[in-house]
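Visitor: Next comes the structure file upload-v1.cif, holding mmCIF, C-alpha atoms.
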data_entry
#
loop_
_atom_site.group_PDB
_atom_site.id
_atom_site.type_symbol
_atom_site.label_atom_id
_atom_site.label_comp_id
_atom_site.auth_asym_id
_atom_site.auth_seq_id
_atom_site.Cartn_x
_atom_site.Cartn_y
_atom_site.Cartn_z
ATOM 1 C CA MET A 1431 75.976 121.024 133.624
ATOM 2 C CA ASP A 1432 76.461 117.363 132.742
ATOM 3 C CA PHE A 1433 77.068 115.240 135.827
ATOM 4 C CA SER A 1434 76.779 111.812 134.186
ATOM 5 C CA SER A 1435 80.497 111.160 133.626
ATOM 6 C CA SER A 1436 81.606 112.449 137.026
ATOM 7 C CA PHE A 1437 79.113 110.191 138.795
ATOM 8 C CA GLU A 1438 80.259 106.949 137.176
ATOM 9 C CA GLY A 1439 82.035 104.324 139.282
ATOM 10 C CA ARG A 1440 82.874 104.523 142.979
ATOM 11 C CA ARG A 1441 81.697 107.847 144.358
ATOM 12 C CA SER A 1442 83.448 109.875 147.029
ATOM 13 C CA TYR A 1443 81.416 111.568 149.755
ATOM 14 C CA ALA A 1444 82.300 114.452 152.057
ATOM 15 C CA ILE A 1445 80.298 114.449 155.297
ATOM 16 C CA ILE A 1446 79.883 118.011 156.544
ATOM 17 C CA GLY A 1447 78.865 117.556 160.160
ATOM 18 C CA THR A 1448 79.662 114.172 161.692
ATOM 19 C CA GLY A 1449 76.881 114.049 164.264
ATOM 20 C CA ALA A 1450 73.840 111.862 164.776
ATOM 21 C CA ILE A 1451 72.846 112.061 161.086
ATOM 22 C CA GLY A 1452 76.091 112.559 159.186
ATOM 23 C CA GLY A 1453 77.990 110.140 161.396
ATOM 24 C CA PHE A 1454 75.419 107.383 161.073
ATOM 25 C CA TYR A 1455 74.738 107.565 157.332
ATOM 26 C CA GLY A 1456 78.368 108.298 156.514
ATOM 27 C CA ALA A 1457 79.521 105.263 158.490
ATOM 28 C CA LYS A 1458 76.972 103.071 156.699
ATOM 29 C CA LEU A 1459 78.163 104.347 153.309
ATOM 30 C CA GLN A 1460 81.831 103.743 154.157
ATOM 31 C CA ARG A 1461 81.095 100.254 155.435
ATOM 32 C CA SER A 1462 79.480 99.411 152.086
ATOM 33 C CA GLY A 1463 82.567 100.458 150.130
ATOM 34 C CA CYS A 1464 82.073 104.136 149.284
ATOM 35 C CA ASP A 1465 84.983 106.553 149.660
ATOM 36 C CA LEU A 1466 84.111 108.705 152.704
ATOM 37 C CA HIS A 1467 85.711 111.832 154.158
ATOM 38 C CA PHE A 1468 84.385 113.269 157.432
ATOM 39 C CA LEU A 1469 84.659 116.907 158.517
ATOM 40 C CA MET A 1470 84.399 117.244 162.296
ATOM 41 C CA ARG A 1471 85.494 119.451 165.166
ATOM 42 C CA GLY A 1472 85.090 118.200 168.734
ATOM 43 C CA ASP A 1473 85.232 114.532 167.722
ATOM 44 C CA TYR A 1474 88.371 114.832 165.623
ATOM 45 C CA ASP A 1475 91.073 113.642 168.050
ATOM 46 C CA ARG A 1476 89.064 110.705 169.365
ATOM 47 C CA VAL A 1477 87.921 109.551 165.921
ATOM 48 C CA CYS A 1478 91.485 109.728 164.594
ATOM 49 C CA ARG A 1479 92.559 107.412 167.417
ATOM 50 C CA HIS A 1480 89.556 105.129 167.778
ATOM 51 C CA GLY A 1481 87.398 105.492 164.660
ATOM 52 C CA LEU A 1482 83.599 105.664 164.550
ATOM 53 C CA GLU A 1483 81.335 103.377 166.532
ATOM 54 C CA ILE A 1484 77.685 102.773 165.620
ATOM 55 C CA GLU A 1485 75.104 101.209 167.928
ATOM 56 C CA SER A 1486 71.976 100.302 165.987
ATOM 57 C CA PRO A 1487 69.038 97.865 165.936
ATOM 58 C CA TRP A 1488 70.206 97.194 162.352
ATOM 59 C CA GLY A 1489 73.466 95.854 163.769
ATOM 60 C CA ASN A 1490 76.305 97.388 165.770
ATOM 61 C CA PHE A 1491 79.602 98.017 164.005
ATOM 62 C CA HIS A 1492 82.905 99.830 164.384
ATOM 63 C CA LEU A 1493 84.972 101.603 161.735
ATOM 64 C CA PRO A 1494 88.508 101.567 163.140
ATOM 65 C CA GLU A 1495 89.920 103.710 160.318
ATOM 66 C CA VAL A 1496 88.151 106.856 159.200
ATOM 67 C CA ASN A 1497 89.263 109.699 156.923
ATOM 68 C CA ALA A 1498 88.729 112.477 159.471
ATOM 69 C CA TYR A 1499 89.557 116.164 159.024
ATOM 70 C CA ASN A 1500 89.275 119.169 161.311
ATOM 71 C CA THR A 1501 89.478 121.712 158.488
ATOM 72 C CA PRO A 1502 88.013 121.664 154.968
ATOM 73 C CA GLU A 1503 91.349 122.761 153.478
ATOM 74 C CA LYS A 1504 92.767 119.295 154.231
ATOM 75 C CA MET A 1505 89.935 117.396 152.537
ATOM 76 C CA PRO A 1506 90.127 116.062 148.964
ATOM 77 C CA PRO A 1507 87.463 117.283 146.508
ATOM 78 C CA CYS A 1508 84.542 114.836 146.489
ATOM 79 C CA ASP A 1509 81.702 113.890 144.154
ATOM 80 C CA VAL A 1510 78.999 114.519 146.768
ATOM 81 C CA ALA A 1511 79.024 116.722 149.851
ATOM 82 C CA ILE A 1512 76.373 115.669 152.373
ATOM 83 C CA VAL A 1513 75.450 118.649 154.538
ATOM 84 C CA ALA A 1514 74.419 117.337 157.951
ATOM 85 C CA LEU A 1515 75.343 120.333 160.086
ATOM 86 C CA LYS A 1516 72.728 121.982 162.243
ATOM 87 C CA THR A 1517 71.295 124.871 160.226
ATOM 88 C CA THR A 1518 72.566 127.302 162.876
ATOM 89 C CA GLN A 1519 76.033 126.655 161.377
ATOM 90 C CA ASN A 1520 75.097 127.204 157.741
ATOM 91 C CA HIS A 1521 76.974 130.490 157.675
ATOM 92 C CA LEU A 1522 80.121 128.326 157.487
ATOM 93 C CA LEU A 1523 79.113 126.617 154.241
ATOM 94 C CA SER A 1524 80.325 129.374 151.932
ATOM 95 C CA GLN A 1525 83.842 128.630 153.211
ATOM 96 C CA ILE A 1526 83.475 124.835 153.249
ATOM 97 C CA LEU A 1527 81.596 123.734 150.141
ATOM 98 C CA PRO A 1528 83.817 125.229 147.398
ATOM 99 C CA ARG A 1529 86.822 123.493 148.991
ATOM 100 C CA VAL A 1530 85.340 119.996 149.337
ATOM 101 C CA LEU A 1531 83.519 119.646 145.995
ATOM 102 C CA LYS A 1532 84.835 118.490 142.649
ATOM 103 C CA PRO A 1533 84.051 120.888 139.774
ATOM 104 C CA GLU A 1534 81.064 118.731 138.764
ATOM 105 C CA GLY A 1535 80.223 117.637 142.308
ATOM 106 C CA ALA A 1536 76.825 117.958 143.961
ATOM 107 C CA VAL A 1537 75.567 118.923 147.409
ATOM 108 C CA LEU A 1538 72.997 116.751 149.196
ATOM 109 C CA VAL A 1539 71.267 118.688 151.978
ATOM 110 C CA LEU A 1540 70.138 116.429 154.843
ATOM 111 C CA GLN A 1541 68.968 119.114 157.245
ATOM 112 C CA ASN A 1542 65.685 119.900 158.949
ATOM 113 C CA GLY A 1543 63.471 122.798 157.973
ATOM 114 C CA LEU A 1544 62.616 124.885 154.910
ATOM 115 C CA GLY A 1545 64.400 127.425 152.764
ATOM 116 C CA ILE A 1546 67.837 125.807 153.022
ATOM 117 C CA GLU A 1547 68.499 124.744 149.422
ATOM 118 C CA PRO A 1548 68.173 128.250 147.921
ATOM 119 C CA GLN A 1549 70.899 129.468 150.288
ATOM 120 C CA ILE A 1550 73.229 126.638 149.257
ATOM 121 C CA ALA A 1551 72.373 127.179 145.591
ATOM 122 C CA GLU A 1552 73.781 130.706 145.943
ATOM 123 C CA ILE A 1553 77.115 129.168 146.960
ATOM 124 C CA VAL A 1554 77.498 126.323 144.448
ATOM 125 C CA GLY A 1555 74.801 126.906 141.821
ATOM 126 C CA GLY A 1556 71.246 125.629 141.727
ATOM 127 C CA ASP A 1557 71.994 122.788 139.308
ATOM 128 C CA ARG A 1558 74.343 121.204 141.869
ATOM 129 C CA VAL A 1559 71.904 120.843 144.769
ATOM 130 C CA LEU A 1560 69.768 117.952 145.972
ATOM 131 C CA GLY A 1561 67.775 117.739 149.183
ATOM 132 C CA GLY A 1562 66.370 115.122 151.453
ATOM 133 C CA ILE A 1563 64.831 114.304 154.795
ATOM 134 C CA CYS A 1564 65.824 111.636 157.304
ATOM 135 C CA VAL A 1565 63.085 109.741 159.123
ATOM 136 C CA ILE A 1566 65.264 108.555 161.977
ATOM 137 C CA CYS A 1567 65.772 108.577 165.735
ATOM 138 C CA SER A 1568 69.513 108.902 166.282
ATOM 139 C CA ASN A 1569 71.756 110.631 168.837
ATOM 140 C CA LYS A 1570 75.458 111.223 169.243
ATOM 141 C CA ILE A 1571 75.946 110.158 172.842
ATOM 142 C CA LYS A 1572 79.695 110.866 173.059
ATOM 143 C CA PRO A 1573 82.516 111.762 170.640
ATOM 144 C CA GLY A 1574 82.769 109.183 167.877
ATOM 145 C CA TYR A 1575 79.805 107.150 169.167
ATOM 146 C CA ILE A 1576 76.398 107.274 167.436
ATOM 147 C CA ARG A 1577 73.345 105.533 168.866
ATOM 148 C CA HIS A 1578 70.657 104.798 166.268
ATOM 149 C CA LEU A 1579 67.385 104.062 168.060
ATOM 150 C CA ASP A 1580 64.646 103.664 165.464
ATOM 151 C CA TYR A 1581 63.594 104.122 161.832
ATOM 152 C CA GLY A 1582 66.160 105.383 159.297
ATOM 153 C CA THR A 1583 64.552 105.952 155.888
ATOM 154 C CA VAL A 1584 65.977 108.735 153.720
ATOM 155 C CA LYS A 1585 63.780 110.491 151.133
ATOM 156 C CA LEU A 1586 65.690 112.298 148.380
ATOM 157 C CA ALA A 1587 64.781 114.701 145.580
ATOM 158 C CA GLU A 1588 66.416 117.105 143.164
ATOM 159 C CA TYR A 1589 66.271 120.807 144.024
ATOM 160 C CA THR A 1590 65.009 123.167 141.341
ATOM 161 C CA GLY A 1591 64.498 126.915 141.453
ATOM 162 C CA GLY A 1592 61.129 127.730 142.980
ATOM 163 C CA TYR A 1593 60.894 124.142 144.251
ATOM 164 C CA LYS A 1594 59.277 122.881 141.066
ATOM 165 C CA PRO A 1595 59.138 119.050 140.815
ATOM 166 C CA GLY A 1596 62.572 117.902 139.703
ATOM 167 C CA GLY A 1597 62.102 114.373 138.377
ATOM 168 C CA MET A 1598 64.627 111.543 138.425
ATOM 169 C CA THR A 1599 68.184 112.223 137.235
ATOM 170 C CA ASP A 1600 71.205 109.978 136.723
ATOM 171 C CA ARG A 1601 73.011 111.402 139.729
ATOM 172 C CA LEU A 1602 69.964 111.017 141.985
ATOM 173 C CA ARG A 1603 69.550 107.424 140.824
ATOM 174 C CA GLN A 1604 73.221 106.705 141.521
ATOM 175 C CA ILE A 1605 73.175 108.319 144.964
ATOM 176 C CA CYS A 1606 70.021 106.367 145.840
ATOM 177 C CA GLY A 1607 71.840 103.228 144.694
ATOM 178 C CA ASP A 1608 74.746 103.945 147.037
ATOM 179 C CA PHE A 1609 72.344 104.353 149.961
ATOM 180 C CA GLU A 1610 70.542 101.134 149.081
ATOM 181 C CA ARG A 1611 73.808 99.168 148.861
ATOM 182 C CA ALA A 1612 74.692 100.559 152.301
ATOM 183 C CA GLY A 1613 71.508 99.047 153.748
ATOM 184 C CA ILE A 1614 69.814 102.419 154.136
ATOM 185 C CA PRO A 1615 66.127 102.485 153.162
ATOM 186 C CA VAL A 1616 65.847 105.212 150.542
ATOM 187 C CA GLU A 1617 62.926 106.642 148.597
ATOM 188 C CA TRP A 1618 63.113 108.836 145.526
ATOM 189 C CA ARG A 1619 60.592 111.647 145.408
ATOM 190 C CA ASP A 1620 59.687 114.042 142.618
ATOM 191 C CA ASP A 1621 58.863 117.042 144.826
ATOM 192 C CA LEU A 1622 61.380 118.241 147.408
ATOM 193 C CA LEU A 1623 59.099 120.892 148.893
ATOM 194 C CA SER A 1624 56.395 118.316 149.654
ATOM 195 C CA ILE A 1625 58.731 116.017 151.562
ATOM 196 C CA ARG A 1626 60.126 118.955 153.535
ATOM 197 C CA TRP A 1627 56.624 120.002 154.613
ATOM 198 C CA GLU A 1628 55.829 116.360 155.378
ATOM 199 C CA LYS A 1629 58.821 116.121 157.723
ATOM 200 C CA LEU A 1630 57.671 119.328 159.440
ATOM 201 C CA VAL A 1631 54.423 117.583 160.385
ATOM 202 C CA TRP A 1632 56.591 115.735 162.903
ATOM 203 C CA ASN A 1633 59.406 118.184 163.534
ATOM 204 C CA ILE A 1634 57.377 121.262 164.375
ATOM 205 C CA PRO A 1635 55.199 119.829 167.175
ATOM 206 C CA TYR A 1636 57.615 117.354 168.725
ATOM 207 C CA ASN A 1637 60.826 119.393 168.529
ATOM 208 C CA GLY A 1638 59.129 122.587 169.637
ATOM 209 C CA LEU A 1639 57.000 121.180 172.419
ATOM 210 C CA SER A 1640 59.812 118.985 173.728
ATOM 211 C CA VAL A 1641 61.674 122.191 174.632
ATOM 212 C CA VAL A 1642 58.696 124.248 175.785
ATOM 213 C CA LEU A 1643 57.246 121.392 177.896
ATOM 214 C CA ASN A 1644 60.562 119.733 178.878
ATOM 215 C CA ALA A 1645 59.238 116.377 177.681
ATOM 216 C CA ARG A 1646 60.183 113.283 175.674
ATOM 217 C CA THR A 1647 58.013 111.974 172.853
ATOM 218 C CA ASP A 1648 56.423 109.252 175.025
ATOM 219 C CA GLU A 1649 55.499 111.826 177.674
ATOM 220 C CA MET A 1650 53.811 114.054 175.118
ATOM 221 C CA MET A 1651 51.911 111.126 173.608
ATOM 222 C CA GLY A 1652 50.929 109.772 177.014
ATOM 223 C CA ASP A 1653 49.069 112.909 178.092
ATOM 224 C CA ARG A 1654 45.640 113.603 176.607
ATOM 225 C CA HIS A 1655 46.098 117.372 176.505
ATOM 226 C CA THR A 1656 49.514 117.415 174.848
ATOM 227 C CA ARG A 1657 48.443 114.762 172.349
ATOM 228 C CA ILE A 1658 45.544 116.999 171.307
ATOM 229 C CA LEU A 1659 47.925 119.965 171.016
ATOM 230 C CA VAL A 1660 50.368 117.941 168.898
ATOM 231 C CA GLU A 1661 47.554 116.944 166.544
ATOM 232 C CA GLU A 1662 46.290 120.529 166.277
ATOM 233 C CA ILE A 1663 49.778 121.796 165.418
ATOM 234 C CA MET A 1664 50.133 119.046 162.817
ATOM 235 C CA GLY A 1665 46.914 120.299 161.240
ATOM 236 C CA GLU A 1666 48.431 123.771 160.998
ATOM 237 C CA VAL A 1667 51.472 122.350 159.224
ATOM 238 C CA LEU A 1668 49.137 120.887 156.606
ATOM 239 C CA ARG A 1669 47.574 124.336 156.211
ATOM 240 C CA GLY A 1670 51.040 125.824 155.757
ATOM 241 C CA ALA A 1671 51.866 123.299 153.051
ATOM 242 C CA ALA A 1672 48.582 124.095 151.290
ATOM 243 C CA ALA A 1673 49.522 127.781 151.325
ATOM 244 C CA CYS A 1674 52.615 126.737 149.327
ATOM 245 C CA ASP A 1675 50.495 124.744 146.845
ATOM 246 C CA ARG A 1676 51.379 121.399 148.419
ATOM 247 C CA THR A 1677 48.451 119.277 149.551
ATOM 248 C CA LEU A 1678 49.325 116.731 152.209
ATOM 249 C CA PRO A 1679 46.608 114.196 153.127
ATOM 250 C CA ARG A 1680 45.216 113.832 156.631
ATOM 251 C CA GLU A 1681 46.733 110.335 156.601
ATOM 252 C CA VAL A 1682 50.146 111.955 157.192
ATOM 253 C CA ILE A 1683 48.991 113.110 160.632
ATOM 254 C CA ASP A 1684 47.574 109.707 161.538
ATOM 255 C CA ARG A 1685 50.781 108.005 160.419
ATOM 256 C CA MET A 1686 53.022 110.382 162.383
ATOM 257 C CA LEU A 1687 50.968 109.919 165.541
ATOM 258 C CA SER A 1688 50.968 106.145 165.164
ATOM 259 C CA HIS A 1689 54.715 105.965 164.529
ATOM 260 C CA THR A 1690 55.475 108.184 167.522
ATOM 261 C CA GLU A 1691 53.325 106.071 169.814
ATOM 262 C CA LYS A 1692 55.326 102.994 168.799
ATOM 263 C CA MET A 1693 58.823 104.489 168.716
ATOM 264 C CA THR A 1694 61.415 104.165 171.432
ATOM 265 C CA PRO A 1695 60.988 107.052 173.934
ATOM 266 C CA TYR A 1696 62.976 109.840 172.351
ATOM 267 C CA ARG A 1697 64.545 113.108 173.458
ATOM 268 C CA THR A 1698 64.373 115.199 170.309
ATOM 269 C CA SER A 1699 67.403 116.801 168.712
ATOM 270 C CA MET A 1700 66.121 120.278 169.605
ATOM 271 C CA LYS A 1701 65.676 119.258 173.237
ATOM 272 C CA ILE A 1702 69.235 117.873 173.320
ATOM 273 C CA ASP A 1703 70.531 121.136 171.832
ATOM 274 C CA PHE A 1704 68.583 123.123 174.425
ATOM 275 C CA ASP A 1705 69.770 120.979 177.337
ATOM 276 C CA GLU A 1706 73.377 121.327 176.163
ATOM 277 C CA LYS A 1707 72.942 125.084 175.651
ATOM 278 C CA ARG A 1708 73.541 125.007 171.914
ATOM 279 C CA PRO A 1709 71.672 127.375 169.541
ATOM 280 C CA LEU A 1710 68.293 126.028 168.420
ATOM 281 C CA GLU A 1711 67.250 125.585 164.779
ATOM 282 C CA VAL A 1712 64.297 127.892 165.328
ATOM 283 C CA GLU A 1713 64.409 129.764 162.036
ATOM 284 C CA ALA A 1714 64.795 126.780 159.703
ATOM 285 C CA ILE A 1715 62.118 124.663 161.415
ATOM 286 C CA PHE A 1716 59.684 127.400 162.520
ATOM 287 C CA GLY A 1717 60.509 130.856 161.173
ATOM 288 C CA ASN A 1718 60.949 129.943 157.498
ATOM 289 C CA PRO A 1719 57.754 127.831 157.296
ATOM 290 C CA LEU A 1720 55.813 130.597 159.044
ATOM 291 C CA GLU A 1721 57.027 133.154 156.513
ATOM 292 C CA MET A 1722 56.364 130.901 153.517
ATOM 293 C CA ALA A 1723 52.822 130.237 154.746
ATOM 294 C CA LYS A 1724 52.289 133.946 155.412
ATOM 295 C CA ARG A 1725 53.332 134.787 151.851
ATOM 296 C CA GLY A 1726 50.643 132.329 150.773
ATOM 297 C CA GLY A 1727 48.063 134.211 152.845
ATOM 298 C CA VAL A 1728 47.915 131.831 155.828
ATOM 299 C CA GLU A 1729 48.779 132.660 159.443
ATOM 300 C CA LEU A 1730 49.653 129.643 161.610
ATOM 301 C CA THR A 1731 48.800 130.912 165.084
ATOM 302 C CA ARG A 1732 49.685 127.875 167.207
ATOM 303 C CA ILE A 1733 53.002 127.415 165.439
ATOM 304 C CA ARG A 1734 53.800 131.116 165.783
ATOM 305 C CA MET A 1735 53.147 130.921 169.526
ATOM 306 C CA VAL A 1736 55.599 128.004 169.875
ATOM 307 C CA TYR A 1737 58.083 129.920 167.692
ATOM 308 C CA GLN A 1738 57.882 132.963 169.962
ATOM 309 C CA GLN A 1739 58.341 130.814 173.060
ATOM 310 C CA LEU A 1740 61.372 129.110 171.543
ATOM 311 C CA LYS A 1741 62.930 132.454 170.592
ATOM 312 C CA PHE A 1742 62.638 133.539 174.238
ATOM 313 C CA LEU A 1743 64.016 130.268 175.620
ATOM 314 C CA ASP A 1744 66.839 130.174 173.075
ATOM 315 C CA ALA A 1745 67.899 133.734 173.895
ATOM 316 C CA ARG A 1746 67.761 133.117 177.652
ATOM 317 C CA ASN A 1747 69.706 129.876 177.243
ATOM 318 C CA ALA A 1748 72.460 131.748 175.411
ATOM 319 C CA ILE A 1749 73.173 134.078 178.334
ATOM 320 C CA ASN A 1750 72.836 131.611 181.236
#
Turn the structure described in the file into structure tokens.
Guide:
Amino acid sequence: MDFSSSFEGRRSYAIIGTGAIGGFYGAKLQRSGCDLHFLMRGDYDRVCRHGLEIESPWGNFHLPEVNAYNTPEKMPPCDVAIVALKTTQNHLLSQILPRVLKPEGAVLVLQNGLGIEPQIAEIVGGDRVLGGICVICSNKIKPGYIRHLDYGTVKLAEYTGGYKPGGMTDRLRQICGDFERAGIPVEWRDDLLSIRWEKLVWNIPYNGLSVVLNARTDEMMGDRHTRILVEEIMGEVLRGAAACDRTLPREVIDRMLSHTEKMTPYRTSMKIDFDEKRPLEVEAIFGNPLEMAKRGGVELTRIRMVYQQLKFLDARNAIN
């Protein structure tokens, strides 16, 4: 499919999930001049009345007028649909994506975990899917109000069947350009699977242990025993990536530890979900990587233990 003509000029974006990620990046894109349309549920009434408010070390701003929708049927077809829902809601995408995409439109998946793009490719076609990771500390603290705390780089890549390196395309270059013009640090990468495993070096230990240990990032880093455990789990993530033919250098671990020591004390997204009794993204962040590593002949015992603990806590949370 040729996307070059449909991606010329001012692009329209549908934000699927206007939370800490979709709300922040979508607001930045709208402020820079892109045509944005936000799908939301609980925030809908307030955002219609008061718009979106962003608190950020990059500069606070308020969007008084936002194209907000509480159902995909009301949204216009867009060039790019950014999926920023929690993966626990991905069962809704088969109803949403065909309604919000132009015939030549593309889906950009900004979700945590592994094994997401193949599911979306089944809905819209593999040649219409891109993926990315967000290196950011951001929370939605109340309806229509996003607090960005630290970092913010987005790393994007084309999705290809089997996660083969996808190279640079016109549409990826143009989407990266939109992010850059919005003041969002963006990096193009050739290999989507590598950047997803790289993000898991942080997500698996800190998200998982934050729930199991009831701790913020600074508390985990400030204790000798939990810091050792975090580093050991990070080493297992590297082993998992290697089982999928992706070699990540030890420097990734050192960088993640250093960044976390310096970052603003942070309650992870999984801990917030747990505290607010929402379903946890256990399968995307833990279960899928465990299975991919196992198919490569590697068992990740520490990660599996955290996975099993989270499954118990998630199930108990659901009934209490």
Visitor: For this structure, which residues satisfy the selection - the PyMOL selection byres ((chain A and resi 1438-1442) around 10) - when it is evaluated on the file as given? I want them as a list in words.
Guide: Phe1433, Ser1434, Ser1435, Ser1436, Phe1437, Tyr1443, Ala1444, Ile1445, Leu1459, Gln1460, Gly1463, Cys1464, Asp1465, Leu1466, His1467, Pro1506, Pro1507, Cys1508, Asp1509, Val1510, Ala1511, Leu1531, Lys1532, Gly1535, Asp1600, Arg1601, Gln1604, Ile1605 and Asp1608 of chain A
Visitor: From the options A:Lys1741, A:Arg1476, A:Arg1725, A:Lys1585, which residue's atoms come nearest to Val1565 of chain A, counting all atoms listed in the file?
Guide: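 Answer, going by the shortest atom-to-atom distance: A:Lys1585.
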Visitor: Using only C-alpha atoms for the distances, tell me which of A:Val1641, A:Met1686, A:Val1554, A:Cys1564 is nearest to Val1736 of chain A.
Guide: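 Of all the options, A:Val1641 lies closest to Val1736 of chain A.
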Visitor: Quick one: distance from atom CA of Arg1697 of chain A to atom CA of Arg1646 of chain A in Å, one decimal?
Guide: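 Between these atoms lies a distance of 4.9 Å.
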Visitor: Counting all atoms listed in the file, figure out which residue out of A:Ile1625, A:Gln1549, A:Val1682, A:Val1631 gets nearest to Gly1591 of chain A.
Guide: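 Ranking A:Ile1625, A:Gln1549, A:Val1682, A:Val1631 by distance to Gly1591 of chain A, first place goes to A:Gln1549.
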Visitor: What does the distance between atom CA of Ile1683 of chain A and atom CA of Glu1721 of chain A come to in Å, to one decimal place?
Guide: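 Calculated distance between atom CA of Ile1683 of chain A and atom CA of Glu1721 of chain A is 22.0 Å.
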Visitor: Rank A:Lys1724, A:Arg1529, A:Arg1732, A:His1521 by their smallest atom-to-atom distance to Glu1503 of chain A, using all atoms listed in the file, and report the top residue only.
Guide: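 The shortest atom-to-atom distance to Glu1503 of chain A comes from A:Arg1529.
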Visitor: Please list as a list of chain:residue names every residue within 9 Å of Leu1523 of chain A, counting all atoms listed in the file and excluding residues in the same chain fewer than 4 positions away.
Guide: A:Ile1446, A:Val1513, A:Gln1519, A:Leu1527, A:Pro1528, A:Ile1550, A:Ile1553
Visitor: Name the residues in contact with Gly1489 of chain A at a cut-off of 10 Å, using only C-alpha atoms, excluding same-chain residues fewer than 4 positions from it; report them as a VMD selection string.
Guide: chain A and resid 1484 to 1485 1578
